[in-house]
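All remarks here apply to the structure that follows.
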Amino acid sequence: MKKFIYALCFVSFALSAHAADCNTRKTVPGGPQTLQQIIELGLCRNPGTAAAFQAARQARMNRYAGMAAYLPDITASASVDRQYRQEAWSDNIVNLRLRADWLIFDFGRRESDLGNLNAVWRATNLDYNATVQNYVFDLVSAYYGMLSADAELAAATELVTVARGAKNTADTKFRAGAVARADVLRADTTLAARELELQRANGNREIAKGRLLFLLSFPQDQALEITDMPASFGSAAESQTISEMMATARRQRPDLLSAQSSASAAWHRRNSALVRNLPSITAGGTLSYDPTRNYDLMGMGPNTRLDGSSIGIRASMPIFTGFASTNNLRSAQAAYDRATELARARDDAISLDVWTAYQNYQTAQKVLVQTGALLRSATESERVTAGMYRVGRATMLDWQTAQADLASARRQNITARYDLYIRRAGVALALGELHANME
């Protein structure tokens, strides 16, 4: 699990190394793009994942800064003074001073502060992982959504062709006196309806393309071509029982692990607030040096040089802080209790996420099978009805009904096919297994 976390932490920057200009380019790459190429391009350009990475980087630097509490604090100072005595100014008095302080013991306050920073760092790393996985899922949904829109556009185009053929057949039979003009009017109506559906399908395709371009941080008016490919991820869940899937999600879901790390950080902050009321022991020392010669100032001889040093141990303890320490401790305890409850709520939500994703995926599998059978039946019915109409054994209304059934079956099958891929990705997301490599 740790290998997965740390590998995913830097995935966007590793991917950017394969396309150095991906973050600055203004146009979409040419040629059909696979799902893997779309994900790599998106991770390189997406500002949301980049911001999450910088948050993790900031937490890492804060963690390193917190380690300074275990090292001595050394301060250097310099001053130049002139004194006025007996109606005259003295020469410049230069003083150089070096002071070192080293905290020896503070009843674990440093450990609690550093433990808090470590937990926050882990939480931000896990938040970055969750951001990446959610973004990859959005890309997968948009990618298959655009493929679905492309397929529906192709299907709508084909149905227009079928409807135009029906109209031509009706026109031919009407001129031959084999059918009434009502058949021609019905065929015209069907053709107009199919052309309207084609326009709507074209608009839906543009909307789907715009959403994918938005996720890739490109203007929506650019052209984008993607290639169809089956999904090969998320299938590991198919061999697991629902209880095993829930256990897997609890081990891997970055949002749950982040909530647990946030609770750990709150626990360390509470401990830090507790020990702030206890004494601390610090060792310190100073070294001072005056390079100037003094002129009988404060009773010293004319050639006296001012040098000095000191060393000692200091203990300090707050006695009364206006009840601030007590209230801060109570606040930290409440924050810890809140973080614990949030982690518990996230754990409960994961069970529902896994259950819902699993049921959606199972339903999508069955729907795809059923819509496939429906499409085969509707295709054969339309073919047979068309042949019967041409020989005068069916009416135009029969043929129109068969065409409408075929159009509905195609739409349902297209939606079911790509919805299955999205549902598989949803299972992987619910388990915390949705990664950048979709090959």
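By convention here, the chains of the structure tokens are called A, B, ... in the order presented, each chain's residues are numbered starting at 1, and ligands are numbered starting at 1 in the order presented.
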Requested in this report: Per DSSP on the backbone, filter range 75-228 of chain A down to the residues in strand (DSSP E) and report them as a ChimeraX atom specification.
Outcome: /A:75-81,84-85,88-89,93-105
List as JSON lines every residue of range 328-405 of chain A that is in contact with range 267-283 of chain A, defined as an atom at most 12 Å from one of its atoms (using only C-alpha atoms), together with the nearest atom pair and the distance in Å rounded to one decimal, sorted by chain and then rising number.
{"residue": "A:Asn328", "atom": "CA", "partner": "A:Ala273", "partner_atom": "CA", "distance": 6.6}
{"residue": "A:Leu329", "atom": "CA", "partner": "A:Ala273", "partner_atom": "CA", "distance": 5.2}
{"residue": "A:Arg330", "atom": "CA", "partner": "A:Arg270", "partner_atom": "CA", "distance": 8.4}
{"residue": "A:Ser331", "atom": "CA", "partner": "A:Arg270", "partner_atom": "CA", "distance": 8.3}
{"residue": "A:Ala332", "atom": "CA", "partner": "A:Arg270", "partner_atom": "CA", "distance": 4.8}
{"residue": "A:Gln333", "atom": "CA", "partner": "A:Arg270", "partner_atom": "CA", "distance": 5.7}
{"residue": "A:Ala334", "atom": "CA", "partner": "A:Arg270", "partner_atom": "CA", "distance": 8.9}
{"residue": "A:Ala335", "atom": "CA", "partner": "A:Arg270", "partner_atom": "CA", "distance": 8.2}
{"residue": "A:Tyr336", "atom": "CA", "partner": "A:Trp267", "partner_atom": "CA", "distance": 5.6}
{"residue": "A:Asp337", "atom": "CA", "partner": "A:Trp267", "partner_atom": "CA", "distance": 8.7}
{"residue": "A:Arg338", "atom": "CA", "partner": "A:Trp267", "partner_atom": "CA", "distance": 10.7}
{"residue": "A:Ala339", "atom": "CA", "partner": "A:Trp267", "partner_atom": "CA", "distance": 8.9}
{"residue": "A:Thr340", "atom": "CA", "partner": "A:Trp267", "partner_atom": "CA", "distance": 9.1}
Residues just named, written with all heavy atoms as an mmCIF file, in the first residue's frame:
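What follows is the written file out39.cif:
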data_model
loop_
_atom_site.group_PDB
_atom_site.id
_atom_site.type_symbol
_atom_site.label_atom_id
_atom_site.label_comp_id
_atom_site.auth_asym_id
_atom_site.auth_seq_id
_atom_site.Cartn_x
_atom_site.Cartn_y
_atom_site.Cartn_z
ATOM 1 N N ASN A 328 -7.357 26.223 25.293
ATOM 2 C CA ASN A 328 -6.685 25.649 24.129
ATOM 3 C C ASN A 328 -6.677 24.123 24.200
ATOM 4 O O ASN A 328 -6.838 23.444 23.189
ATOM 5 C CB ASN A 328 -5.250 26.173 24.033
ATOM 6 C CG ASN A 328 -5.194 27.622 23.586
ATOM 7 O OD1 ASN A 328 -6.123 28.116 22.946
ATOM 8 N ND2 ASN A 328 -4.112 28.296 23.918
ATOM 9 N N LEU A 329 -6.482 23.595 25.396
ATOM 10 C CA LEU A 329 -6.500 22.139 25.566
ATOM 11 C C LEU A 329 -7.892 21.584 25.285
ATOM 12 O O LEU A 329 -8.034 20.555 24.609
ATOM 13 C CB LEU A 329 -6.064 21.776 26.984
ATOM 14 C CG LEU A 329 -6.083 20.284 27.327
ATOM 15 C CD1 LEU A 329 -5.183 19.496 26.383
ATOM 16 C CD2 LEU A 329 -5.666 20.070 28.783
ATOM 17 N N ARG A 330 -8.915 22.238 25.771
ATOM 18 C CA ARG A 330 -10.276 21.780 25.497
ATOM 19 C C ARG A 330 -10.600 21.870 24.008
ATOM 20 O O ARG A 330 -11.279 20.993 23.447
ATOM 21 C CB ARG A 330 -11.270 22.611 26.310
ATOM 22 C CG ARG A 330 -11.191 22.350 27.819
ATOM 23 C CD ARG A 330 -12.079 23.308 28.585
ATOM 24 N NE ARG A 330 -12.031 23.026 30.023
ATOM 25 C CZ ARG A 330 -12.598 23.799 30.948
ATOM 26 N NH1 ARG A 330 -13.266 24.917 30.577
ATOM 27 N NH2 ARG A 330 -12.509 23.486 32.223
ATOM 28 N N SER A 331 -10.118 22.934 23.372
ATOM 29 C CA SER A 331 -10.330 23.071 21.928
ATOM 30 C C SER A 331 -9.635 21.957 21.158
ATOM 31 O O SER A 331 -10.203 21.374 20.221
ATOM 32 C CB SER A 331 -9.816 24.432 21.455
ATOM 33 O OG SER A 331 -9.880 24.546 20.054
ATOM 34 N N ALA A 332 -8.401 21.647 21.552
ATOM 35 C CA ALA A 332 -7.667 20.570 20.888
ATOM 36 C C ALA A 332 -8.342 19.222 21.107
ATOM 37 O O ALA A 332 -8.360 18.374 20.206
ATOM 38 C CB ALA A 332 -6.225 20.540 21.395
ATOM 39 N N GLN A 333 -8.892 18.998 22.300
ATOM 40 C CA GLN A 333 -9.601 17.751 22.562
ATOM 41 C C GLN A 333 -10.849 17.643 21.693
ATOM 42 O O GLN A 333 -11.146 16.580 21.132
ATOM 43 C CB GLN A 333 -9.985 17.676 24.045
ATOM 44 C CG GLN A 333 -10.762 16.424 24.432
ATOM 45 C CD GLN A 333 -9.945 15.159 24.268
ATOM 46 O OE1 GLN A 333 -8.804 15.103 24.724
ATOM 47 N NE2 GLN A 333 -10.521 14.139 23.626
ATOM 48 N N ALA A 334 -11.573 18.761 21.562
ATOM 49 C CA ALA A 334 -12.770 18.758 20.710
ATOM 50 C C ALA A 334 -12.397 18.519 19.249
ATOM 51 O O ALA A 334 -13.105 17.804 18.528
ATOM 52 C CB ALA A 334 -13.518 20.079 20.862
ATOM 53 N N ALA A 335 -11.281 19.115 18.807
ATOM 54 C CA ALA A 335 -10.828 18.899 17.430
ATOM 55 C C ALA A 335 -10.471 17.440 17.199
ATOM 56 O O ALA A 335 -10.758 16.874 16.130
ATOM 57 C CB ALA A 335 -9.634 19.795 17.122
ATOM 58 N N TYR A 336 -9.847 16.812 18.192
ATOM 59 C CA TYR A 336 -9.497 15.388 18.065
ATOM 60 C C TYR A 336 -10.757 14.532 18.016
ATOM 61 O O TYR A 336 -10.864 13.610 17.192
ATOM 62 C CB TYR A 336 -8.611 14.972 19.226
ATOM 63 C CG TYR A 336 -8.407 13.480 19.320
ATOM 64 C CD1 TYR A 336 -7.768 12.782 18.303
ATOM 65 C CD2 TYR A 336 -8.860 12.761 20.430
ATOM 66 C CE1 TYR A 336 -7.598 11.409 18.380
ATOM 67 C CE2 TYR A 336 -8.689 11.392 20.520
ATOM 68 C CZ TYR A 336 -8.055 10.724 19.488
ATOM 69 O OH TYR A 336 -7.881 9.370 19.570
ATOM 70 N N ASP A 337 -11.722 14.826 18.883
ATOM 71 C CA ASP A 337 -12.974 14.063 18.868
ATOM 72 C C ASP A 337 -13.688 14.226 17.523
ATOM 73 O O ASP A 337 -14.242 13.259 16.976
ATOM 74 C CB ASP A 337 -13.886 14.528 20.003
ATOM 75 C CG ASP A 337 -13.313 14.195 21.385
ATOM 76 O OD1 ASP A 337 -12.471 13.275 21.464
ATOM 77 O OD2 ASP A 337 -13.711 14.849 22.362
ATOM 78 N N ARG A 338 -13.671 15.433 16.993
ATOM 79 C CA ARG A 338 -14.307 15.678 15.687
ATOM 80 C C ARG A 338 -13.606 14.890 14.587
ATOM 81 O O ARG A 338 -14.256 14.256 13.741
ATOM 82 C CB ARG A 338 -14.281 17.169 15.374
ATOM 83 C CG ARG A 338 -14.832 17.517 14.000
ATOM 84 C CD ARG A 338 -14.818 19.025 13.773
ATOM 85 N NE ARG A 338 -15.325 19.360 12.443
ATOM 86 C CZ ARG A 338 -14.568 19.422 11.356
ATOM 87 N NH1 ARG A 338 -13.247 19.181 11.442
ATOM 88 N NH2 ARG A 338 -15.097 19.738 10.184
ATOM 89 N N ALA A 339 -12.271 14.933 14.576
ATOM 90 C CA ALA A 339 -11.519 14.201 13.550
ATOM 91 C C ALA A 339 -11.764 12.704 13.648
ATOM 92 O O ALA A 339 -11.858 12.006 12.626
ATOM 93 C CB ALA A 339 -10.030 14.507 13.683
ATOM 94 N N THR A 340 -11.904 12.196 14.862
ATOM 95 C CA THR A 340 -12.187 10.773 15.042
ATOM 96 C C THR A 340 -13.550 10.409 14.479
ATOM 97 O O THR A 340 -13.713 9.372 13.803
ATOM 98 C CB THR A 340 -12.126 10.416 16.538
ATOM 99 O OG1 THR A 340 -10.828 10.739 17.052
ATOM 100 C CG2 THR A 340 -12.379 8.935 16.750
#
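Residues in contact with range 406-410 of chain A at up to 9 Å, not including ones fewer than 4 positions away on its chain and judged by only C-alpha atoms, are Glu152, Ala155, Ala156, Leu159, Thr371, Gly372, Leu374, Leu375, Arg376, Ser377, Ala378, Thr379, Ser381, Glu382, Thr401, Ala402, Ile414 and Thr415 of chain A.
Proximity ranking of A:Leu434, A:Ala119, A:Ala357, A:Val184 relative to Ile242 in chain A places A:Ala357 first, based on only C-alpha atoms.
Rounded to one decimal, CA of Leu35 in chain A and CA of Asp21 in chain A lie 19.1 Å from each other.
Separating CA of Ala249 in chain A from CA of Gly432 in chain A is a distance of 6.1 Å.
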I'd like the contact shell of Arg253 in chain A - 9 Å cut-off, only C-alpha atoms, skipping same-chain residues fewer than 4 positions apart - returned as a tab-separated table (two decimals) with N, CA and C atoms, in the first residue's frame.
chain	number	residue	atom	x	y	z
A	126	LEU	N	-2.09	11.63	0.87
A	126	LEU	CA	-3.26	10.81	0.57
A	126	LEU	C	-4.36	11.64	-0.09
A	130	ALA	N	-6.12	10.86	-3.63
A	130	ALA	CA	-7.56	10.88	-3.86
A	130	ALA	C	-7.93	11.84	-4.98
A	248	THR	N	-10.78	-4.55	1.26
A	248	THR	CA	-9.76	-3.97	0.38
A	248	THR	C	-9.87	-2.45	0.36
A	249	ALA	N	-11.09	-1.94	0.27
A	249	ALA	CA	-11.30	-0.49	0.24
A	249	ALA	C	-10.81	0.16	1.54
A	257	LEU	N	-7.77	6.76	4.55
A	257	LEU	CA	-6.44	6.84	5.17
A	257	LEU	C	-6.09	8.28	5.52
A	258	SER	N	-6.51	9.22	4.67
A	258	SER	CA	-6.28	10.63	4.98
A	258	SER	C	-7.05	11.07	6.21
A	350	ILE	N	-17.61	4.33	3.09
A	350	ILE	CA	-16.90	3.46	2.15
A	350	ILE	C	-17.70	2.19	1.89
A	429	LEU	N	-12.49	2.84	-8.43
A	429	LEU	CA	-12.41	4.05	-7.61
A	429	LEU	C	-12.89	3.77	-6.19
A	430	ALA	N	-13.97	3.01	-6.04
A	430	ALA	CA	-14.48	2.68	-4.71
A	430	ALA	C	-13.49	1.86	-3.90
A	431	LEU	N	-12.68	1.05	-4.59
A	431	LEU	CA	-11.67	0.23	-3.91
A	431	LEU	C	-10.36	0.98	-3.71
A	432	GLY	N	-10.21	2.17	-4.28
A	432	GLY	CA	-8.94	2.88	-4.20
A	432	GLY	C	-7.89	2.31	-5.12
A	433	GLU	N	-8.32	1.66	-6.23
A	433	GLU	CA	-7.39	1.01	-7.13
A	433	GLU	C	-7.33	1.67	-8.50
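The interatomic distance for the pair CA of Gln412 in chain A and CA of Ala142 in chain A works out to 18.2 Å.
Counting only C-alpha atoms and comparing A:Asp150, A:Glu225, A:Asp183, A:Glu244, the residue that lies closest to Ala166 in chain A is A:Asp183.
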Report summary line: Using only C-alpha atoms, the shortest atom-to-atom distance to Gly115 in chain A among A:Tyr144, A:Phe214, A:Tyr64, A:Phe320 belongs to A:Tyr64
Taking a cut-off of 9 Å and counting only C-alpha atoms, can you build a table that, for each residue of range 192-295 of chain A near range 29-33 of chain A, reports the nearest atom pair and how far apart they are in Å (one decimal), sorted by chain then residue number, as CSV?
residue,atom,partner,partner_atom,distance
A:Ala223,CA,A:Gly30,CA,9.0
A:Leu224,CA,A:Pro32,CA,7.8
A:Glu225,CA,A:Pro32,CA,4.8
A:Ile226,CA,A:Gln33,CA,4.4
A:Thr227,CA,A:Pro32,CA,5.4
Requested in this report: Among the residues of range 212-434 of chain A, find those DSSP assigns to helix (DSSP H, G or I) from the backbone and print them as a PyMOL selection string.
Outcome: chain A and resi 212-215+235-239+242-252+254-275+297-299+324-390+396-431
Report task. Please provide as a VMD selection string all residues within 10 Å of Pro219 in chain A, with the sequence filter that same-chain residues fewer than 2 positions apart are discarded (counting only C-alpha atoms). Result -> chain A and resid 26 to 28 210 213 to 214 216 to 217 221 to 223
Only N, CA, C and O atoms, please: the residues just picked out, written as an mmCIF file, in the first residue's frame.
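The result, written out as out_16.cif:
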data_model
loop_
_atom_site.group_PDB
_atom_site.id
_atom_site.type_symbol
_atom_site.label_atom_id
_atom_site.label_comp_id
_atom_site.auth_asym_id
_atom_site.auth_seq_id
_atom_site.Cartn_x
_atom_site.Cartn_y
_atom_site.Cartn_z
ATOM 1 N N LYS A 26 -0.900 24.768 -26.508
ATOM 2 C CA LYS A 26 -2.175 25.472 -26.642
ATOM 3 C C LYS A 26 -3.205 24.687 -27.440
ATOM 4 O O LYS A 26 -4.382 25.046 -27.444
ATOM 5 N N THR A 27 -2.764 23.638 -28.139
ATOM 6 C CA THR A 27 -3.679 22.882 -28.976
ATOM 7 C C THR A 27 -3.641 21.401 -28.591
ATOM 8 O O THR A 27 -2.657 20.909 -28.043
ATOM 9 N N VAL A 28 -4.698 20.704 -28.929
ATOM 10 C CA VAL A 28 -4.798 19.278 -28.651
ATOM 11 C C VAL A 28 -3.841 18.521 -29.580
ATOM 12 O O VAL A 28 -3.692 18.884 -30.746
ATOM 13 N N GLY A 210 -16.678 18.937 -25.459
ATOM 14 C CA GLY A 210 -16.338 20.115 -24.658
ATOM 15 C C GLY A 210 -16.007 19.766 -23.221
ATOM 16 O O GLY A 210 -15.095 20.352 -22.631
ATOM 17 N N LEU A 213 -12.505 18.259 -23.230
ATOM 18 C CA LEU A 213 -11.513 19.316 -23.433
ATOM 19 C C LEU A 213 -11.369 20.186 -22.190
ATOM 20 O O LEU A 213 -10.266 20.641 -21.863
ATOM 21 N N PHE A 214 -12.477 20.426 -21.496
ATOM 22 C CA PHE A 214 -12.413 21.187 -20.248
ATOM 23 C C PHE A 214 -11.542 20.482 -19.224
ATOM 24 O O PHE A 214 -10.706 21.102 -18.557
ATOM 25 N N LEU A 216 -9.161 18.542 -19.835
ATOM 26 C CA LEU A 216 -7.778 18.589 -20.316
ATOM 27 C C LEU A 216 -7.222 20.007 -20.344
ATOM 28 O O LEU A 216 -6.086 20.217 -20.770
ATOM 29 N N SER A 217 -8.029 20.989 -19.920
ATOM 30 C CA SER A 217 -7.613 22.399 -19.871
ATOM 31 C C SER A 217 -7.319 22.959 -21.259
ATOM 32 O O SER A 217 -6.364 23.723 -21.450
ATOM 33 N N ASP A 221 -13.518 24.918 -28.296
ATOM 34 C CA ASP A 221 -13.762 25.010 -29.734
ATOM 35 C C ASP A 221 -12.737 24.241 -30.564
ATOM 36 O O ASP A 221 -12.772 24.276 -31.788
ATOM 37 N N GLN A 222 -11.807 23.533 -29.913
ATOM 38 C CA GLN A 222 -10.816 22.766 -30.651
ATOM 39 C C GLN A 222 -11.380 21.407 -31.053
ATOM 40 O O GLN A 222 -12.316 20.888 -30.447
ATOM 41 N N ALA A 223 -10.759 20.834 -32.086
ATOM 42 C CA ALA A 223 -11.146 19.494 -32.536
ATOM 43 C C ALA A 223 -10.432 18.448 -31.689
ATOM 44 O O ALA A 223 -9.281 18.635 -31.293
#
**Report entry** Distance query Ala170 in chain A at most 10 Å, only C-alpha atoms, self and fewer than 6 positions along chain excluded, as an MDAnalysis selection string
**Finding:** chainID A and resid 164 176 178:188 389:390 396
Selected residues written out, N, CA and C atoms, as a PDB file, in the first residue's frame:
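Output saved as again_21.pdb:
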ATOM      1  N   ARG A 164     -34.460   7.663 -45.067  1.00  0.00           N
ATOM      2  CA  ARG A 164     -34.472   8.194 -46.426  1.00  0.00           C
ATOM      3  C   ARG A 164     -34.744   7.083 -47.447  1.00  0.00           C
ATOM      4  N   ALA A 176     -46.212   4.216 -58.498  1.00  0.00           N
ATOM      5  CA  ALA A 176     -46.692   3.019 -59.190  1.00  0.00           C
ATOM      6  C   ALA A 176     -48.143   2.713 -58.832  1.00  0.00           C
ATOM      7  N   ALA A 178     -49.179   1.661 -55.908  1.00  0.00           N
ATOM      8  CA  ALA A 178     -49.277   0.492 -55.030  1.00  0.00           C
ATOM      9  C   ALA A 178     -49.665   0.871 -53.608  1.00  0.00           C
ATOM     10  N   VAL A 179     -49.425   2.109 -53.205  1.00  0.00           N
ATOM     11  CA  VAL A 179     -49.758   2.546 -51.845  1.00  0.00           C
ATOM     12  C   VAL A 179     -50.433   3.892 -51.906  1.00  0.00           C
ATOM     13  N   ALA A 180     -51.061   4.244 -50.803  1.00  0.00           N
ATOM     14  CA  ALA A 180     -51.711   5.555 -50.722  1.00  0.00           C
ATOM     15  C   ALA A 180     -50.697   6.637 -50.368  1.00  0.00           C
ATOM     16  N   ARG A 181     -51.104   7.905 -50.597  1.00  0.00           N
ATOM     17  CA  ARG A 181     -50.214   9.021 -50.292  1.00  0.00           C
ATOM     18  C   ARG A 181     -49.895   9.093 -48.793  1.00  0.00           C
ATOM     19  N   ALA A 182     -50.738   8.495 -47.961  1.00  0.00           N
ATOM     20  CA  ALA A 182     -50.492   8.514 -46.518  1.00  0.00           C
ATOM     21  C   ALA A 182     -49.158   7.856 -46.186  1.00  0.00           C
ATOM     22  N   ASP A 183     -48.760   6.840 -46.968  1.00  0.00           N
ATOM     23  CA  ASP A 183     -47.467   6.197 -46.723  1.00  0.00           C
ATOM     24  C   ASP A 183     -46.317   7.160 -46.981  1.00  0.00           C
ATOM     25  N   VAL A 184     -46.464   7.960 -48.027  1.00  0.00           N
ATOM     26  CA  VAL A 184     -45.427   8.950 -48.341  1.00  0.00           C
ATOM     27  C   VAL A 184     -45.338   9.985 -47.224  1.00  0.00           C
ATOM     28  N   LEU A 185     -46.472  10.444 -46.740  1.00  0.00           N
ATOM     29  CA  LEU A 185     -46.467  11.445 -45.669  1.00  0.00           C
ATOM     30  C   LEU A 185     -45.868  10.866 -44.392  1.00  0.00           C
ATOM     31  N   ARG A 186     -46.184   9.611 -44.084  1.00  0.00           N
ATOM     32  CA  ARG A 186     -45.596   8.983 -42.901  1.00  0.00           C
ATOM     33  C   ARG A 186     -44.079   8.860 -43.054  1.00  0.00           C
ATOM     34  N   ALA A 187     -43.640   8.493 -44.262  1.00  0.00           N
ATOM     35  CA  ALA A 187     -42.201   8.375 -44.504  1.00  0.00           C
ATOM     36  C   ALA A 187     -41.517   9.733 -44.375  1.00  0.00           C
ATOM     37  N   ASP A 188     -42.171  10.797 -44.881  1.00  0.00           N
ATOM     38  CA  ASP A 188     -41.607  12.147 -44.729  1.00  0.00           C
ATOM     39  C   ASP A 188     -41.498  12.532 -43.258  1.00  0.00           C
ATOM     40  N   TYR A 389     -42.686  -4.824 -46.514  1.00  0.00           N
ATOM     41  CA  TYR A 389     -43.317  -3.618 -47.072  1.00  0.00           C
ATOM     42  C   TYR A 389     -43.062  -3.516 -48.571  1.00  0.00           C
ATOM     43  N   ARG A 390     -41.875  -3.892 -48.993  1.00  0.00           N
ATOM     44  CA  ARG A 390     -41.540  -3.782 -50.413  1.00  0.00           C
ATOM     45  C   ARG A 390     -42.388  -4.715 -51.285  1.00  0.00           C
ATOM     46  N   MET A 396     -46.664   0.963 -44.078  1.00  0.00           N
ATOM     47  CA  MET A 396     -45.630   1.919 -43.694  1.00  0.00           C
ATOM     48  C   MET A 396     -45.609   2.115 -42.183  1.00  0.00           C
TER      49      MET A 396
END
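Comparing A:Ala163, A:Ala78, A:Ile311, A:Leu43 by their smallest distance to Asp101 in chain A, the closest is A:Ile311 (using only C-alpha atoms).
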